[in-house]
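**Q** Following this line is entry-v7.csv, made up of CSV, C-alpha atoms:
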```
chain,number,residue,atom,x,y,z
A,1,MET,CA,101.9,174.0,-194.2
A,2,THR,CA,103.5,175.3,-191.1
A,3,PRO,CA,103.2,173.0,-188.1
A,4,ALA,CA,103.1,175.4,-185.1
A,5,PRO,CA,100.6,176.6,-182.6
A,6,ARG,CA,101.6,180.2,-183.2
A,7,PRO,CA,101.0,182.3,-186.3
A,8,THR,CA,103.6,183.2,-188.8
A,9,SER,CA,105.0,186.7,-189.0
A,10,SER,CA,102.9,189.3,-190.6
A,11,PRO,CA,103.3,189.7,-194.3
A,12,THR,CA,104.4,193.0,-195.7
A,13,THR,CA,101.7,195.5,-196.7
A,14,SER,CA,102.8,195.9,-200.3
A,15,SER,CA,101.9,193.5,-203.1
A,16,PRO,CA,102.6,193.4,-206.8
A,17,THR,CA,99.6,194.9,-208.7
A,18,THR,CA,98.9,194.4,-212.4
A,19,SER,CA,96.6,196.9,-214.0
A,20,PRO,CA,94.9,195.8,-217.2
A,21,ARG,CA,95.1,198.0,-220.3
A,22,THR,CA,91.4,197.6,-220.9
A,23,THR,CA,88.4,197.4,-218.6
A,24,PRO,CA,87.6,193.8,-217.8
A,25,SER,CA,84.2,192.4,-218.6
A,26,HIS,CA,84.2,190.3,-215.4
A,27,LEU,CA,85.3,191.8,-212.1
A,28,ALA,CA,85.7,189.8,-208.8
A,29,PHE,CA,85.9,191.2,-205.3
A,30,VAL,CA,87.4,188.8,-202.7
A,31,GLU,CA,88.1,189.3,-199.0
A,32,SER,CA,89.3,185.8,-198.0
A,33,PRO,CA,91.4,182.9,-199.4
A,34,VAL,CA,88.3,180.7,-199.8
A,35,GLN,CA,86.5,183.3,-201.8
A,36,LEU,CA,89.5,183.6,-204.2
A,37,LEU,CA,89.6,179.8,-204.5
A,38,ASN,CA,85.9,179.7,-205.4
A,39,VAL,CA,86.4,182.5,-207.9
A,40,LEU,CA,89.0,180.4,-209.6
A,41,GLU,CA,86.6,177.4,-209.6
A,42,TRP,CA,83.9,179.6,-211.1
A,43,ALA,CA,86.3,180.9,-213.8
A,44,HIS,CA,87.3,177.3,-214.6
A,45,HIS,CA,83.6,176.3,-214.9
A,46,ALA,CA,82.7,179.4,-217.0
A,47,GLY,CA,85.5,178.8,-219.5
A,48,ARG,CA,88.1,181.3,-218.3
A,49,PRO,CA,86.3,184.6,-219.1
A,50,ASP,CA,88.1,188.0,-219.1
A,51,LEU,CA,88.5,188.3,-215.4
A,52,VAL,CA,90.2,190.7,-213.0
A,53,VAL,CA,90.3,189.9,-209.3
A,54,THR,CA,90.4,192.7,-206.8
A,55,VAL,CA,91.5,191.6,-203.3
A,56,LEU,CA,90.0,193.8,-200.6
A,57,SER,CA,92.7,193.0,-198.1
A,58,PRO,CA,91.8,192.1,-194.6
A,59,THR,CA,94.0,193.1,-191.6
A,60,ASP,CA,94.7,189.8,-189.8
A,61,PRO,CA,98.1,188.3,-190.8
A,62,MET,CA,96.9,184.7,-191.4
A,63,SER,CA,94.2,185.8,-193.9
A,64,ARG,CA,96.7,188.1,-195.7
A,65,GLY,CA,99.3,185.4,-195.9
A,66,GLN,CA,96.9,182.8,-197.4
A,67,LEU,CA,95.5,185.5,-199.8
A,68,ARG,CA,98.9,186.3,-201.1
A,69,ARG,CA,99.6,182.7,-201.9
A,70,MET,CA,96.2,182.3,-203.5
A,71,ALA,CA,96.9,185.5,-205.5
A,72,ARG,CA,100.0,183.9,-206.9
A,73,LEU,CA,98.0,180.8,-208.0
A,74,ALA,CA,95.5,183.1,-209.7
A,75,ARG,CA,98.3,184.9,-211.5
A,76,ASP,CA,99.8,181.5,-212.5
A,77,GLU,CA,96.5,180.8,-214.1
A,78,GLY,CA,96.8,183.9,-216.2
A,79,PHE,CA,94.4,186.2,-214.3
A,80,THR,CA,95.1,189.8,-213.3
A,81,VAL,CA,95.0,190.3,-209.5
A,82,ARG,CA,94.8,193.7,-207.9
A,83,TRP,CA,95.7,194.1,-204.2
A,84,GLN,CA,93.6,196.9,-202.6
A,85,GLU,CA,94.5,198.0,-199.1
A,86,ALA,CA,90.9,198.7,-198.4
A,87,ARG,CA,91.3,198.8,-194.6
A,88,GLY,CA,94.7,200.5,-194.5
A,89,GLY,CA,93.9,203.3,-192.1
A,90,ARG,CA,92.4,206.7,-192.4
A,91,GLY,CA,91.3,207.6,-195.9
A,92,ALA,CA,91.7,204.0,-197.2
A,93,LEU,CA,88.0,203.5,-197.8
A,94,LEU,CA,87.6,206.7,-199.9
A,95,ARG,CA,90.7,205.9,-201.9
A,96,ALA,CA,89.5,202.4,-202.6
A,97,LEU,CA,86.1,203.6,-203.7
A,98,ARG,CA,87.7,206.2,-206.1
A,99,ASP,CA,89.9,203.5,-207.6
A,100,LEU,CA,87.3,200.9,-208.0
A,101,THR,CA,84.3,202.8,-209.2
A,102,PRO,CA,85.3,203.2,-212.9
A,103,SER,CA,85.7,199.4,-213.3
A,104,LEU,CA,82.5,198.7,-211.4
A,105,LEU,CA,80.5,200.9,-213.7
A,106,ARG,CA,81.7,199.2,-216.8
A,107,ALA,CA,81.9,195.5,-215.7
A,108,GLU,CA,79.4,193.2,-217.4
A,109,ARG,CA,79.5,190.7,-214.5
A,110,VAL,CA,80.6,191.2,-210.9
A,111,ILE,CA,81.6,188.2,-208.7
A,112,ILE,CA,81.5,188.6,-204.9
A,113,GLY,CA,82.2,186.1,-202.1
A,114,ASP,CA,80.4,187.6,-199.1
A,115,PRO,CA,77.1,189.3,-199.5
A,116,PHE,CA,77.1,190.1,-195.8
A,117,SER,CA,80.3,192.1,-196.0
A,118,ARG,CA,79.7,195.8,-195.2
A,119,TYR,CA,82.5,196.7,-197.7
A,120,VAL,CA,80.8,194.7,-200.5
A,121,GLN,CA,77.4,196.1,-199.6
A,122,LEU,CA,78.8,199.7,-199.9
A,123,LEU,CA,80.3,198.9,-203.3
A,124,LEU,CA,76.9,197.5,-204.5
A,125,THR,CA,75.2,200.8,-203.6
A,126,LEU,CA,77.4,202.6,-206.2
A,127,PHE,CA,76.2,200.6,-209.2
A,128,GLY,CA,73.6,198.1,-210.4
A,129,PRO,CA,75.4,195.2,-212.0
A,130,ARG,CA,73.8,193.6,-215.1
A,131,ALA,CA,75.0,190.2,-213.9
A,132,LEU,CA,76.0,189.1,-210.4
A,133,THR,CA,77.6,185.9,-209.2
A,134,VAL,CA,77.9,185.0,-205.5
A,135,VAL,CA,80.5,182.4,-204.7
A,136,ASP,CA,80.9,180.6,-201.3
A,137,ASP,CA,82.6,182.1,-198.3
A,138,GLY,CA,81.6,179.5,-195.8
A,139,THR,CA,78.2,178.3,-194.8
A,140,ALA,CA,76.9,181.9,-195.0
A,141,THR,CA,75.8,181.1,-198.6
A,142,MET,CA,73.1,178.9,-197.2
A,143,GLU,CA,71.8,181.7,-195.0
A,144,PHE,CA,72.1,184.3,-197.8
A,145,ALA,CA,70.0,182.2,-200.1
A,146,ALA,CA,67.3,181.5,-197.4
A,147,GLN,CA,67.1,185.2,-196.5
A,148,LEU,CA,67.0,186.3,-200.1
A,149,ALA,CA,64.1,183.8,-200.8
A,150,ARG,CA,62.2,185.1,-197.7
A,151,GLY,CA,62.8,188.7,-198.5
A,152,GLU,CA,64.5,189.3,-195.1
A,153,ARG,CA,67.3,191.7,-194.3
A,154,LEU,CA,70.8,190.2,-194.5
A,155,VAL,CA,72.1,189.1,-191.1
A,156,ARG,CA,74.8,186.6,-190.4
A,157,TRP,CA,73.5,183.5,-188.7
A,158,HIS,CA,75.7,183.8,-185.6
A,159,ARG,CA,74.7,187.4,-184.9
A,160,ARG,CA,71.9,188.2,-182.4
A,161,GLY,CA,68.9,190.0,-183.7
A,162,VAL,CA,69.4,193.2,-181.8
A,163,ARG,CA,70.8,196.0,-183.9
A,164,GLY,CA,73.3,198.5,-182.3
A,165,PRO,CA,74.0,202.1,-183.4
A,166,ARG,CA,76.4,201.0,-186.1
A,167,GLU,CA,73.9,198.6,-187.7
A,168,LEU,CA,71.1,201.2,-187.5
A,169,ALA,CA,73.4,203.7,-189.2
A,170,LEU,CA,74.2,201.3,-192.0
A,171,ALA,CA,70.7,200.0,-192.4
A,172,PRO,CA,70.0,202.1,-195.6
A,173,VAL,CA,73.2,200.8,-197.2
A,174,THR,CA,72.2,197.2,-196.3
A,175,ALA,CA,68.7,197.6,-197.6
A,176,LEU,CA,69.9,199.0,-201.0
A,177,ALA,CA,72.6,196.3,-201.3
A,178,ARG,CA,70.0,193.6,-200.7
A,179,ARG,CA,67.9,194.9,-203.6
A,180,ARG,CA,71.1,194.9,-205.7
A,181,LEU,CA,71.7,191.3,-204.7
A,182,ALA,CA,68.3,190.2,-205.9
A,183,PRO,CA,67.4,189.4,-209.5
A,184,ALA,CA,65.5,192.2,-211.3
A,185,ARG,CA,64.7,193.4,-214.8
A,186,GLY,CA,68.0,193.8,-216.5
A,187,ARG,CA,70.0,191.9,-213.8
A,188,THR,CA,70.7,188.2,-213.4
A,189,VAL,CA,71.9,186.6,-210.2
A,190,GLU,CA,73.8,183.3,-210.0
A,191,ILE,CA,74.9,181.5,-206.8
A,192,PHE,CA,78.0,179.3,-207.5
A,193,THR,CA,78.2,176.9,-204.6
A,194,ALA,CA,79.3,173.5,-203.2
A,195,LEU,CA,76.5,173.7,-200.6
A,196,PRO,CA,73.0,172.3,-200.8
A,197,VAL,CA,71.2,175.6,-201.7
A,198,GLU,CA,67.7,176.0,-203.0
A,199,ALA,CA,67.6,178.7,-205.6
A,200,PRO,CA,65.6,181.8,-204.5
A,201,PRO,CA,63.0,182.8,-207.1
A,202,GLY,CA,64.6,184.2,-210.2
A,203,THR,CA,68.2,183.1,-209.4
A,204,THR,CA,70.3,180.4,-210.8
A,205,VAL,CA,72.3,177.9,-208.7
A,206,THR,CA,75.4,176.4,-210.3
A,207,ALA,CA,77.1,173.5,-208.6
A,208,ASN,CA,80.8,173.9,-207.7
A,209,GLY,CA,82.4,170.4,-208.0
A,210,PHE,CA,85.9,171.7,-207.4
A,211,ALA,CA,87.0,170.7,-210.9
A,212,TRP,CA,89.9,173.1,-211.0
A,213,THR,CA,91.2,171.9,-207.6
A,214,ARG,CA,91.0,168.3,-208.7
A,215,ALA,CA,92.7,169.0,-212.0
A,216,ARG,CA,95.5,171.1,-210.4
A,217,PHE,CA,96.4,169.1,-207.3
A,218,GLY,CA,96.7,165.5,-206.2
A,219,PRO,CA,95.6,162.9,-205.7
A,220,PRO,CA,97.0,163.0,-202.2
A,221,ARG,CA,99.1,160.5,-200.3
A,222,LEU,CA,97.0,159.2,-197.3
A,223,THR,CA,98.3,158.7,-193.8
A,224,ARG,CA,97.1,156.0,-191.5
A,225,GLY,CA,95.9,158.3,-188.8
A,226,ALA,CA,93.0,160.8,-188.6
A,227,ASP,CA,93.1,164.6,-188.9
A,228,LEU,CA,90.8,167.0,-187.1
A,229,VAL,CA,89.6,170.3,-188.8
A,230,GLY,CA,89.3,173.3,-186.5
A,231,THR,CA,86.7,175.9,-186.4
A,232,SER,CA,86.4,179.6,-185.3
A,233,LEU,CA,83.1,179.0,-183.5
A,234,VAL,CA,84.8,180.1,-180.2
A,235,GLU,CA,86.2,183.3,-181.8
A,236,THR,CA,82.7,184.2,-183.2
A,237,GLY,CA,81.2,183.9,-179.7
A,238,VAL,CA,79.1,180.8,-180.5
A,239,VAL,CA,80.8,178.0,-178.5
A,240,ASP,CA,82.3,178.0,-175.0
A,241,PRO,CA,86.1,177.7,-175.2
A,242,ASP,CA,86.4,175.1,-172.4
A,243,ARG,CA,83.7,172.9,-174.0
A,244,TYR,CA,85.4,173.2,-177.4
A,245,VAL,CA,88.8,172.2,-176.1
A,246,GLY,CA,87.3,169.3,-174.2
A,247,ALA,CA,85.4,168.1,-177.3
A,248,VAL,CA,88.6,168.3,-179.4
A,249,ALA,CA,90.4,166.2,-176.8
A,250,ALA,CA,87.6,163.6,-176.7
A,251,LEU,CA,87.5,163.3,-180.5
A,252,ALA,CA,91.2,163.0,-180.8
A,253,ALA,CA,91.3,160.2,-178.3
A,254,ALA,CA,88.3,158.4,-179.8
A,255,HIS,CA,89.5,158.5,-183.4
A,256,GLY,CA,93.2,158.4,-183.0
A,257,ALA,CA,93.7,161.9,-184.5
A,258,THR,CA,97.2,163.2,-184.6
A,259,ARG,CA,96.9,166.6,-186.4
A,260,TYR,CA,94.6,169.6,-185.9
A,261,PHE,CA,94.2,171.8,-189.0
A,262,ALA,CA,93.6,175.3,-187.6
A,263,HIS,CA,91.1,177.7,-189.0
A,264,ARG,CA,92.8,181.0,-190.1
A,265,ARG,CA,90.8,183.0,-187.5
A,266,GLU,CA,91.5,180.8,-184.5
A,267,SER,CA,93.4,182.6,-181.7
A,268,VAL,CA,97.0,181.8,-180.8
A,269,GLU,CA,96.0,181.3,-177.2
A,270,LYS,CA,93.4,178.7,-178.0
A,271,LEU,CA,95.6,176.8,-180.4
A,272,HIS,CA,98.4,176.8,-177.8
A,273,ARG,CA,96.0,175.3,-175.3
A,274,ILE,CA,94.8,172.6,-177.7
A,275,ALA,CA,98.4,171.6,-178.5
A,276,VAL,CA,99.3,171.4,-174.8
A,277,GLU,CA,96.2,169.7,-173.5
A,278,THR,CA,95.5,167.3,-176.3
A,279,GLY,CA,99.0,166.5,-177.7
A,280,LEU,CA,97.7,167.2,-181.2
A,281,GLU,CA,100.1,168.7,-183.8
A,282,VAL,CA,98.6,172.1,-184.6
A,283,VAL,CA,99.0,172.9,-188.3
A,284,ARG,CA,98.3,176.4,-189.6
A,285,PRO,CA,97.7,175.9,-193.4
A,286,ASP,CA,99.2,178.3,-195.9
A,287,LEU,CA,96.3,177.7,-198.3
A,288,PRO,CA,92.6,176.9,-198.0
A,289,LEU,CA,92.0,173.4,-196.6
A,290,GLU,CA,90.6,172.0,-199.8
A,291,LEU,CA,93.9,172.6,-201.6
A,292,ILE,CA,95.9,171.4,-198.6
A,293,ALA,CA,93.9,168.2,-198.4
A,294,ARG,CA,94.1,167.6,-202.1
A,295,ARG,CA,97.8,168.2,-202.2
A,296,GLY,CA,98.3,165.9,-199.2
A,297,PRO,CA,99.4,164.1,-197.2
A,298,ILE,CA,96.0,163.8,-195.4
A,299,GLY,CA,94.6,161.3,-193.0
A,300,ARG,CA,92.4,158.5,-194.1
A,301,THR,CA,89.8,159.9,-191.8
A,302,VAL,CA,89.0,163.6,-191.5
A,303,LEU,CA,86.9,164.9,-188.6
A,304,SER,CA,85.2,168.2,-188.8
A,305,PHE,CA,82.7,170.3,-186.8
A,306,PRO,CA,79.8,171.6,-188.9
A,307,SER,CA,81.3,174.0,-191.4
A,308,THR,CA,81.7,174.5,-195.1
A,309,VAL,CA,84.4,171.8,-195.4
A,310,VAL,CA,81.8,169.0,-194.7
A,311,HIS,CA,80.4,169.9,-198.1
A,312,THR,CA,83.6,171.0,-200.0
A,313,LEU,CA,85.9,168.2,-198.9
A,314,PRO,CA,83.7,165.4,-200.3
A,315,ALA,CA,83.9,167.2,-203.7
A,316,ALA,CA,87.6,168.0,-203.5
A,317,LEU,CA,88.6,164.5,-202.2
A,318,GLY,CA,86.1,162.4,-204.1
A,319,GLY,CA,87.6,159.0,-205.2
A,320,THR,CA,90.7,159.4,-203.0
A,321,GLY,CA,89.5,157.0,-200.2
A,322,VAL,CA,89.3,159.6,-197.5
A,323,THR,CA,86.4,159.2,-195.0
A,324,ILE,CA,84.9,162.5,-193.7
A,325,THR,CA,83.0,162.5,-190.4
A,326,VAL,CA,80.9,165.3,-189.0
A,327,CYS,CA,81.2,166.1,-185.3
A,328,GLY,CA,77.9,167.5,-184.0
A,329,ILE,CA,77.8,170.6,-181.7
A,330,ALA,CA,76.0,169.7,-178.5
A,331,PRO,CA,73.5,172.4,-177.2
A,332,GLU,CA,75.4,172.6,-173.9
A,333,TRP,CA,78.5,173.8,-175.7
A,334,LEU,CA,76.8,177.0,-176.8
A,335,ARG,CA,77.5,180.2,-174.9
A,336,GLU,CA,74.6,182.2,-173.4
A,337,SER,CA,75.4,185.1,-175.8
A,338,ALA,CA,75.1,182.8,-178.9
A,339,SER,CA,72.4,183.7,-181.4
A,340,PRO,CA,69.1,181.7,-180.9
A,341,ARG,CA,69.5,180.5,-184.5
A,342,ALA,CA,73.0,179.0,-183.8
A,343,GLN,CA,72.0,175.5,-182.7
A,344,GLY,CA,69.5,175.0,-185.5
A,345,PHE,CA,71.8,176.3,-188.2
A,346,LEU,CA,74.7,174.1,-187.1
A,347,ALA,CA,72.5,171.0,-186.8
A,348,GLY,CA,71.2,171.8,-190.3
A,349,VAL,CA,74.7,171.9,-191.7
A,350,ALA,CA,75.6,168.6,-190.2
A,351,GLU,CA,72.4,166.9,-191.3
A,352,SER,CA,72.6,168.2,-194.8
A,353,ALA,CA,76.2,166.8,-195.0
A,354,ARG,CA,74.8,163.4,-194.0
A,355,SER,CA,71.9,163.4,-196.4
A,356,VAL,CA,73.7,164.9,-199.4
A,357,HIS,CA,77.1,163.3,-199.1
A,358,GLY,CA,76.4,160.3,-196.9
A,359,LEU,CA,78.8,161.4,-194.2
A,360,SER,CA,78.6,159.8,-190.8
A,361,LEU,CA,77.9,161.8,-187.7
A,362,THR,CA,79.6,161.5,-184.4
A,363,GLY,CA,79.7,163.3,-181.0
A,364,ALA,CA,82.5,164.1,-178.6
```
Produce structure tokens that represent the structure in this file.

**A**
Amino acid sequence: MTPAPRPTSSPTTSSPTTSPRTTPSHLAFVESPVQLLNVLEWAHHAGRPDLVVTVLSPTDPMSRGQLRRMARLARDEGFTVRWQEARGGRGALLRALRDLTPSLLRAERVIIGDPFSRYVQLLLTLFGPRALTVVDDGTATMEFAAQLARGERLVRWHRRGVRGPRELALAPVTALARRRLAPARGRTVEIFTALPVEAPPGTTVTANGFAWTRARFGPPRLTRGADLVGTSLVETGVVDPDRYVGAVAALAAAHGATRYFAHRRESVEKLHRIAVETGLEVVRPDLPLELIARRGPIGRTVLSFPSTVVHTLPAALGGTGVTITVCGIAPEWLRESASPRAQGFLAGVAESARSVHGLSLTGA
């Protein structure tokens, strides 16, 4: 962990790549550190199948840094990891498609982390997988399962319903990808998740209990204070920044929090403001929070706004004595530009954490 309100320096663009001598029977595509963590959890649950992980590298430095560290953990577990500069400037997309297509066509099972990703959707238009597994990449799994069950087009919950020129141009790709993400004759679909998801017709939902994480790390040393988990709701245009910082300050004062674990997408400016105005120590984790918390030290109380961690941390930290509290998002915090679905979705995440894991709810 790096305690600082500013990001670390950008990692280099090169990365060791190991190419298998034979085509893998299981092929995973990941675009975030959490996706790669959940691929490792799935592989542990599935009995360590023949698996090659392809990292479709993002561009932001914090995500790249965490992904490189997760890639080292995956290699330590004996898996092959390919690093694909999928967004590396002009011509990168065509090069990536050319490199990936042969493996895609031969893979028995494909594992993806973000069915809303335009990149993944484009890959899915190139082939029809015989078996598909979707692992968590945040609370988007809940929305994906609901939209799949209702037969709706795939739209992230925080996006407004109006489609711009880019969305309209990509509509045929999204429509075909949605069909490829649905079960059909000759294709099975599994959702491997730590979230409370009802299986869409024809799919299988497998519970992710973070068995690999619990076996590999911890139990953690607990501190006397409380830790607060940050969110990127400001960066995605959902929550007003002034309201958010005010809520963080109020929660820290009410619960005696001393550290703020930043989301990898939070802006430097906002984190600097939080550090100055609240006195919290801003920590930019070098791995997904589930691993950081399990490795410790971690506060006896962990406060989080509605996000994936209110479902993943209870599994990862079960039996350690850590109390997790969900901090609700008040309607007045939302920006005018926020999606009409935002308040209901966030309230649903908080309520499901209370009902499924028995977590307490609090307000700022």

**Q** Excluding Val52 (chain A) and residues on its chain fewer than 2 positions from it, collect all residues at most 12 Å away from it, counting all atoms listed in the file, and give them as a PyMOL selection string.

**A** chain A and resi 17-30+36+39-40+43+48-50+54-55+71+74-75+77-83+100+103-104+107-111

**Q** Take CA of Gly299 (chain A) and CA of Asp240 (chain A) and report the distance between them in Å, one decimal.

**A**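 Going from CA of Gly299 (chain A) over to CA of Asp240 (chain A) covers 27.5 Å.
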
**Q** Which residue, A:Val239, A:Val322, A:Leu56, A:Ala275, has the smallest gap to Arg335 (chain A) when you use all atoms listed in the file?

**A**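 For Arg335 (chain A), the nearest of the given residues is A:Val239.
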
**Q** Return the single residue from A:Leu123, A:Arg179, A:Arg265, A:Arg106 that is closest to Leu94 (chain A), with distances computed using all atoms listed in the file.

**A**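 For Leu94 (chain A), the nearest of the candidates is A:Leu123.
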
**Q** Considering all atoms listed in the file, give me a table of residues in region 261-335 of chain A that are at most 8 Å from region 206-219 of chain A, with the closest atom pair and distance in Å for each, as CSV.

**A**
```
residue,atom,partner,partner_atom,distance
A:Glu290,CA,A:Thr213,CA,7.8
A:Leu291,CA,A:Thr213,CA,6.6
A:Arg294,CA,A:Gly218,CA,5.3
A:Arg295,CA,A:Gly218,CA,4.9
A:Gly296,CA,A:Gly218,CA,7.2
A:Thr312,CA,A:Phe210,CA,7.8
A:Ala315,CA,A:Gly209,CA,5.6
A:Ala316,CA,A:Phe210,CA,5.6
A:Leu317,CA,A:Arg214,CA,7.9
A:Thr320,CA,A:Pro219,CA,6.6
```

**Q** Between A:Ala262, A:Ala86, A:Leu105, A:Leu228, single out the one closest to Ser304 (chain A), counting all atoms listed in the file.

**A**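 Checking each candidate against Ser304 (chain A), we get A:Leu228 as the closest.
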
**Q** One decimal, in Å: what's the spacing between CA of Arg273 (chain A) and CA of Arg224 (chain A)?

**A** 25.2 Å

**Q** Please determine, counting all atoms listed in the file, which residue among A:Ser57, A:Thr258, A:Thr223, A:Ser232 has the shortest atom-to-atom distance to Glu85 (chain A).

**A**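 Ranked by minimum distance to Glu85 (chain A), first place goes to A:Ser57.
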
**Q** What are the closest atom pairs, with distances in Å to one decimal, for each residue of region 221-266 of chain A lying within 10 Å of region 281-286 of chain A, using only C-alpha atoms, rows by chain and rising residue number, as JSON lines?

**A**
```
{"residue": "A:Asp227", "atom": "CA", "partner": "A:Glu281", "partner_atom": "CA", "distance": 9.6}
{"residue": "A:Leu228", "atom": "CA", "partner": "A:Val282", "partner_atom": "CA", "distance": 9.6}
{"residue": "A:Val229", "atom": "CA", "partner": "A:Val283", "partner_atom": "CA", "distance": 9.8}
{"residue": "A:Gly230", "atom": "CA", "partner": "A:Val282", "partner_atom": "CA", "distance": 9.6}
{"residue": "A:Ala257", "atom": "CA", "partner": "A:Glu281", "partner_atom": "CA", "distance": 9.4}
{"residue": "A:Thr258", "atom": "CA", "partner": "A:Glu281", "partner_atom": "CA", "distance": 6.3}
{"residue": "A:Arg259", "atom": "CA", "partner": "A:Glu281", "partner_atom": "CA", "distance": 4.6}
{"residue": "A:Tyr260", "atom": "CA", "partner": "A:Val282", "partner_atom": "CA", "distance": 4.9}
{"residue": "A:Phe261", "atom": "CA", "partner": "A:Val283", "partner_atom": "CA", "distance": 5.0}
{"residue": "A:Ala262", "atom": "CA", "partner": "A:Arg284", "partner_atom": "CA", "distance": 5.2}
{"residue": "A:His263", "atom": "CA", "partner": "A:Arg284", "partner_atom": "CA", "distance": 7.3}
{"residue": "A:Arg264", "atom": "CA", "partner": "A:Arg284", "partner_atom": "CA", "distance": 7.2}
{"residue": "A:Glu266", "atom": "CA", "partner": "A:Arg284", "partner_atom": "CA", "distance": 9.6}
```

**Q** Find, counting all atoms listed in the file, the residue in A:Ala199, A:Ala249, A:Leu176, A:Ala140 that gets nearest to Phe116 (chain A).

**A**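 For Phe116 (chain A), the nearest of the given residues is A:Ala140.
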
**Q** Could you state the separation of CA of Val349 (chain A) and CA of Pro306 (chain A) in Å, given to one decimal place?

**A** 5.8 Å

**Q** May I ask which of the residues A:Leu148, A:Gly348, A:Thr278, A:Asp60 is the closest one to Ala254 (chain A), counting all atoms listed in the file?

**A** A:Thr278

**Q** Could you give me, as a PyMOL selection string, the residues within 9 Å of Gly186 (chain A), counting only C-alpha atoms and dropping anything in the same chain fewer than 6 positions from it?

**A** chain A and resi 129-131

**Q** List as a list of chain:residue names the protein and nucleic acid residues near Cys327 (chain A), meaning an atom at most 8 Å away when all atoms listed in the file are counted, but skip any in the same chain fewer than 3 places from it.

**A**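 My reading of the contact set: A:Leu303, A:Ser304, A:Phe305, A:Pro306, A:Ala350, A:Leu361, A:Thr362, A:Gly363, A:Ala364.
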
**Q** Which residues, written as number ranges by chain, have at least one atom at most 12 Å from Pro241 (chain A), with all atoms listed in the file counted and residues fewer than 3 positions away on the same chain left out?

**A** A: 231-238, 244-248, 266-267, 269-271, 273-274, 332-335

**Q** Could you write those residues out with C-alpha atoms, as a PDB file, in the frame of the given file?

**A**
```pdb
ATOM      1  CA  THR A 231      86.700 175.900-186.400  1.00  0.00           C
ATOM      2  CA  SER A 232      86.400 179.600-185.300  1.00  0.00           C
ATOM      3  CA  LEU A 233      83.100 179.000-183.500  1.00  0.00           C
ATOM      4  CA  VAL A 234      84.800 180.100-180.200  1.00  0.00           C
ATOM      5  CA  GLU A 235      86.200 183.300-181.800  1.00  0.00           C
ATOM      6  CA  THR A 236      82.700 184.200-183.200  1.00  0.00           C
ATOM      7  CA  GLY A 237      81.200 183.900-179.700  1.00  0.00           C
ATOM      8  CA  VAL A 238      79.100 180.800-180.500  1.00  0.00           C
ATOM      9  CA  TYR A 244      85.400 173.200-177.400  1.00  0.00           C
ATOM     10  CA  VAL A 245      88.800 172.200-176.100  1.00  0.00           C
ATOM     11  CA  GLY A 246      87.300 169.300-174.200  1.00  0.00           C
ATOM     12  CA  ALA A 247      85.400 168.100-177.300  1.00  0.00           C
ATOM     13  CA  VAL A 248      88.600 168.300-179.400  1.00  0.00           C
ATOM     14  CA  GLU A 266      91.500 180.800-184.500  1.00  0.00           C
ATOM     15  CA  SER A 267      93.400 182.600-181.700  1.00  0.00           C
ATOM     16  CA  GLU A 269      96.000 181.300-177.200  1.00  0.00           C
ATOM     17  CA  LYS A 270      93.400 178.700-178.000  1.00  0.00           C
ATOM     18  CA  LEU A 271      95.600 176.800-180.400  1.00  0.00           C
ATOM     19  CA  ARG A 273      96.000 175.300-175.300  1.00  0.00           C
ATOM     20  CA  ILE A 274      94.800 172.600-177.700  1.00  0.00           C
ATOM     21  CA  GLU A 332      75.400 172.600-173.900  1.00  0.00           C
ATOM     22  CA  TRP A 333      78.500 173.800-175.700  1.00  0.00           C
ATOM     23  CA  LEU A 334      76.800 177.000-176.800  1.00  0.00           C
ATOM     24  CA  ARG A 335      77.500 180.200-174.900  1.00  0.00           C
TER      25      ARG A 335
END
```

**Q** Show me as a list in words the residues that reach within 9 Å of (74.0, 172.9, -188.9), counting all atoms listed in the file and using the file's own coordinates.

**A**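 Counting all atoms listed in the file, I find these residues within 9 Å of (74.0, 172.9, -188.9): Pro306, Ser307, Gly328, Ile329, Ala342, Gln343, Gly344, Phe345, Leu346, Ala347, Gly348, Val349, Ala350, Glu351, Ser352 and Ala353 of chain A.
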
**Q** For N, CA and C atoms, please extract region 59-65 of chain A from the block and return it as a CSV table (one decimal), in the first residue's frame.

**A**
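The resulting file, part-v1.csv, is shown below:
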```
chain,number,residue,atom,x,y,z
A,59,THR,N,-5.6,2.2,-19.8
A,59,THR,CA,-4.6,3.3,-20.0
A,59,THR,C,-4.3,4.0,-18.7
A,60,ASP,N,-5.2,4.0,-17.7
A,60,ASP,CA,-4.9,4.8,-16.5
A,60,ASP,C,-3.8,4.1,-15.7
A,61,PRO,N,-2.9,4.9,-15.1
A,61,PRO,CA,-1.7,4.3,-14.4
A,61,PRO,C,-2.1,3.4,-13.2
A,62,MET,N,-3.1,3.8,-12.4
A,62,MET,CA,-3.4,3.1,-11.2
A,62,MET,C,-3.9,1.7,-11.6
A,63,SER,N,-4.8,1.6,-12.6
A,63,SER,CA,-5.3,0.3,-13.0
A,63,SER,C,-4.2,-0.6,-13.5
A,64,ARG,N,-3.3,0.0,-14.3
A,64,ARG,CA,-2.2,-0.7,-14.9
A,64,ARG,C,-1.2,-1.3,-13.8
A,65,GLY,N,-1.0,-0.4,-12.8
A,65,GLY,CA,-0.1,-0.9,-11.7
A,65,GLY,C,-0.7,-2.0,-11.0
```
